[in-house]
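S.K.: Sharing work_21.json, JSON, C-alpha atoms:
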[["chain", "number", "residue", "atom", "x", "y", "z"],
["A", 133, "MET", "CA", 0.00, 0.00, 0.00],
["A", 134, "PRO", "CA", 1.38, 3.46, -0.85],
["A", 135, "LEU", "CA", 2.50, 5.50, 2.14],
["A", 136, "LYS", "CA", 0.34, 8.43, 1.02],
["A", 137, "THR", "CA", -2.71, 6.16, 1.07],
["A", 138, "ALA", "CA", -1.78, 4.47, 4.34],
["A", 139, "LEU", "CA", -1.43, 7.78, 6.18],
["A", 140, "GLN", "CA", -4.99, 8.75, 5.27],
["A", 141, "ARG", "CA", -6.55, 5.66, 6.88],
["A", 142, "GLN", "CA", -8.25, 6.04, 10.24],
["A", 143, "GLY", "CA", -5.84, 5.27, 13.06],
["A", 144, "ALA", "CA", -2.72, 5.34, 10.88],
["A", 145, "GLN", "CA", -1.15, 8.01, 13.04],
["A", 146, "CYS", "CA", 0.45, 7.34, 16.37],
["A", 147, "GLU", "CA", 2.66, 9.12, 18.86],
["A", 148, "TRP", "CA", 6.28, 9.42, 17.75],
["A", 149, "VAL", "CA", 9.04, 11.03, 19.79],
["A", 150, "MET", "CA", 11.26, 12.24, 17.02],
["A", 151, "ASP", "CA", 12.37, 15.71, 18.14],
["A", 152, "PRO", "CA", 15.82, 14.50, 19.27],
["A", 153, "VAL", "CA", 16.30, 12.68, 15.96],
["A", 154, "LEU", "CA", 15.18, 15.71, 13.93],
["A", 155, "ALA", "CA", 17.52, 17.97, 15.91],
["A", 156, "ARG", "CA", 20.45, 15.61, 15.32],
["A", 157, "LEU", "CA", 19.73, 15.33, 11.59],
["A", 158, "GLU", "CA", 19.15, 19.03, 10.97],
["A", 159, "PRO", "CA", 22.82, 19.99, 10.44],
["A", 160, "LEU", "CA", 23.35, 16.89, 8.27],
["A", 161, "LEU", "CA", 20.44, 17.36, 5.86],
["A", 162, "PRO", "CA", 19.70, 20.02, 3.26],
["A", 163, "PRO", "CA", 16.98, 22.36, 4.61],
["A", 164, "GLU", "CA", 14.34, 21.08, 2.15],
["A", 165, "ASP", "CA", 14.98, 17.46, 3.19],
["A", 166, "HIS", "CA", 14.77, 18.36, 6.86],
["A", 167, "ALA", "CA", 11.50, 20.23, 6.24],
["A", 168, "LEU", "CA", 10.05, 17.17, 4.50],
["A", 169, "LEU", "CA", 11.14, 14.85, 7.30],
["A", 170, "SER", "CA", 9.72, 17.21, 9.93],
["A", 171, "ALA", "CA", 6.40, 17.43, 8.10],
["A", 172, "LEU", "CA", 6.26, 13.65, 7.76],
["A", 173, "VAL", "CA", 6.87, 13.20, 11.50],
["A", 174, "ALA", "CA", 4.16, 15.78, 12.24],
["A", 175, "ALA", "CA", 1.72, 13.92, 9.95],
["A", 176, "LEU", "CA", 2.49, 10.65, 11.69],
["A", 177, "ASN", "CA", 1.71, 12.31, 15.03],
["A", 178, "SER", "CA", -1.51, 14.03, 14.02],
["A", 179, "PRO", "CA", -3.91, 13.43, 11.11],
["A", 180, "ASP", "CA", -4.78, 17.13, 10.91],
["A", 181, "ARG", "CA", -1.20, 17.84, 9.81],
["A", 182, "LEU", "CA", -1.32, 15.47, 6.82],
["A", 183, "ALA", "CA", -2.37, 18.25, 4.42],
["A", 184, "ALA", "CA", 0.82, 20.20, 5.26],
["A", 185, "LEU", "CA", 2.85, 17.53, 3.44],
["A", 186, "ASP", "CA", 1.26, 18.62, 0.16],
["A", 187, "GLU", "CA", 2.87, 22.05, 0.59],
["A", 188, "ILE", "CA", 6.31, 20.45, 0.13],
["A", 189, "PRO", "CA", 7.12, 19.90, -3.56],
["A", 190, "ALA", "CA", 9.22, 16.77, -2.93],
["A", 191, "TRP", "CA", 6.17, 15.09, -1.34],
["A", 192, "ARG", "CA", 3.46, 16.59, -3.53],
["A", 193, "ASP", "CA", 5.19, 15.81, -6.82],
["A", 194, "ALA", "CA", 6.48, 12.33, -5.94],
["A", 195, "PRO", "CA", 4.54, 9.36, -7.26],
["A", 196, "PRO", "CA", 3.16, 7.08, -4.53],
["A", 197, "LEU", "CA", 5.42, 4.13, -3.74],
["A", 198, "ALA", "CA", 4.19, 0.80, -2.49],
["A", 199, "VAL", "CA", 5.14, -0.05, 1.09],
["A", 200, "GLY", "CA", 5.66, -3.53, 2.40]]
Translate the structure described by the file into structure tokens.
M.R.:
Amino acid sequence: MPLKTALQRQGAQCEWVMDPVLARLEPLLPPEDHALLSALVAALNSPDRLAALDEIPAWRDAPPLAVG
């Protein structure tokens, strides 16, 4: 199932503690990659943040990939 599809299912989100990981990766990633990763973590934490991913061109313009 594509990740984009999976994230829209009821109950797909859960609590993730990723702030320490995001902080550690920030100096290692280009700003646009870090923004995408941060938005993905936010979407995993809260379904109301899923729409924010579509504001990031790398997410919006990427074809869905099958997971699993």
S.K.: Mind checking which residues fall within 12 Å of stretch 185-187 of chain A, counting all atoms listed in the file, ignoring those fewer than 4 positions away in the same chain, and posting them as an MDAnalysis selection string?
M.R.: chainID A and resid 136 139:140 164 167:176 178:181 191:194
S.K.: Enclose the full set of atoms of stretch 152-161 of chain A listed in the file within a box whose edges lie along x, y and z, apply 4 Å of padding to each of the six sides, and report centre and edge lengths in Å to one decimal as JSON.
M.R.:
{"center_x": 19.3, "center_y": 16.3, "center_z": 12.6, "size_x": 16.2, "size_y": 15.3, "size_z": 21.4}
S.K.: Work out how far apart atom CA of A:Pro163 and atom CA of A:Ala190 are and give it in Å to one decimal.
M.R.: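 Computed distance, atom CA of A:Pro163 to atom CA of A:Ala190, equals 12.2 Å.
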S.K.: For a quick check of understanding, using all atoms listed in the file, which of A:Ala138, A:Ile188, A:Ala198, A:Val153 has the smallest distance to A:Asp165?
M.R.: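 That would be A:Ile188, the residue with the smallest distance to A:Asp165.
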S.K.: Is there a way to complete stretch 158-175 of chain A with N, CA and C atoms and then write that out as a PDB file, keeping the file's coordinate frame?
M.R.:
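Writing the result to rebuild30.pdb gives the following:
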ATOM      1  N   GLU A 158      19.254  17.714  11.601  1.00  0.00           N
ATOM      2  CA  GLU A 158      19.150  19.030  10.970  1.00  0.00           C
ATOM      3  C   GLU A 158      20.450  19.542  10.355  1.00  0.00           C
ATOM      4  N   PRO A 159      21.589  19.486  11.067  1.00  0.00           N
ATOM      5  CA  PRO A 159      22.820  19.990  10.440  1.00  0.00           C
ATOM      6  C   PRO A 159      23.360  19.065   9.336  1.00  0.00           C
ATOM      7  N   LEU A 160      22.843  17.850   9.253  1.00  0.00           N
ATOM      8  CA  LEU A 160      23.350  16.890   8.270  1.00  0.00           C
ATOM      9  C   LEU A 160      22.539  16.861   6.986  1.00  0.00           C
ATOM     10  N   LEU A 161      21.341  17.420   7.015  1.00  0.00           N
ATOM     11  CA  LEU A 161      20.440  17.360   5.860  1.00  0.00           C
ATOM     12  C   LEU A 161      20.303  18.728   5.207  1.00  0.00           C
ATOM     13  N   PRO A 162      20.064  18.747   3.892  1.00  0.00           N
ATOM     14  CA  PRO A 162      19.700  20.020   3.260  1.00  0.00           C
ATOM     15  C   PRO A 162      18.383  20.514   3.877  1.00  0.00           C
ATOM     16  N   PRO A 163      18.185  21.823   3.955  1.00  0.00           N
ATOM     17  CA  PRO A 163      16.980  22.360   4.610  1.00  0.00           C
ATOM     18  C   PRO A 163      15.662  21.801   4.044  1.00  0.00           C
ATOM     19  N   GLU A 164      15.575  21.602   2.733  1.00  0.00           N
ATOM     20  CA  GLU A 164      14.340  21.080   2.150  1.00  0.00           C
ATOM     21  C   GLU A 164      14.087  19.633   2.569  1.00  0.00           C
ATOM     22  N   ASP A 165      15.141  18.846   2.729  1.00  0.00           N
ATOM     23  CA  ASP A 165      14.980  17.460   3.190  1.00  0.00           C
ATOM     24  C   ASP A 165      14.559  17.416   4.659  1.00  0.00           C
ATOM     25  N   HIS A 166      15.132  18.301   5.457  1.00  0.00           N
ATOM     26  CA  HIS A 166      14.770  18.360   6.860  1.00  0.00           C
ATOM     27  C   HIS A 166      13.315  18.817   7.014  1.00  0.00           C
ATOM     28  N   ALA A 167      12.891  19.762   6.198  1.00  0.00           N
ATOM     29  CA  ALA A 167      11.500  20.230   6.240  1.00  0.00           C
ATOM     30  C   ALA A 167      10.539  19.098   5.895  1.00  0.00           C
ATOM     31  N   LEU A 168      10.888  18.300   4.884  1.00  0.00           N
ATOM     32  CA  LEU A 168      10.050  17.170   4.500  1.00  0.00           C
ATOM     33  C   LEU A 168       9.977  16.147   5.634  1.00  0.00           C
ATOM     34  N   LEU A 169      11.108  15.819   6.207  1.00  0.00           N
ATOM     35  CA  LEU A 169      11.140  14.850   7.300  1.00  0.00           C
ATOM     36  C   LEU A 169      10.343  15.360   8.504  1.00  0.00           C
ATOM     37  N   SER A 170      10.476  16.627   8.820  1.00  0.00           N
ATOM     38  CA  SER A 170       9.720  17.210   9.930  1.00  0.00           C
ATOM     39  C   SER A 170       8.221  17.164   9.667  1.00  0.00           C
ATOM     40  N   ALA A 171       7.817  17.471   8.445  1.00  0.00           N
ATOM     41  CA  ALA A 171       6.400  17.430   8.100  1.00  0.00           C
ATOM     42  C   ALA A 171       5.862  16.007   8.133  1.00  0.00           C
ATOM     43  N   LEU A 172       6.675  15.053   7.722  1.00  0.00           N
ATOM     44  CA  LEU A 172       6.260  13.650   7.760  1.00  0.00           C
ATOM     45  C   LEU A 172       6.074  13.187   9.208  1.00  0.00           C
ATOM     46  N   VAL A 173       7.001  13.543  10.077  1.00  0.00           N
ATOM     47  CA  VAL A 173       6.870  13.200  11.500  1.00  0.00           C
ATOM     48  C   VAL A 173       5.618  13.842  12.077  1.00  0.00           C
ATOM     49  N   ALA A 174       5.354  15.094  11.739  1.00  0.00           N
ATOM     50  CA  ALA A 174       4.160  15.780  12.240  1.00  0.00           C
ATOM     51  C   ALA A 174       2.893  15.074  11.755  1.00  0.00           C
ATOM     52  N   ALA A 175       2.885  14.623  10.494  1.00  0.00           N
ATOM     53  CA  ALA A 175       1.720  13.920   9.950  1.00  0.00           C
ATOM     54  C   ALA A 175       1.520  12.568  10.616  1.00  0.00           C
TER      55      ALA A 175
END
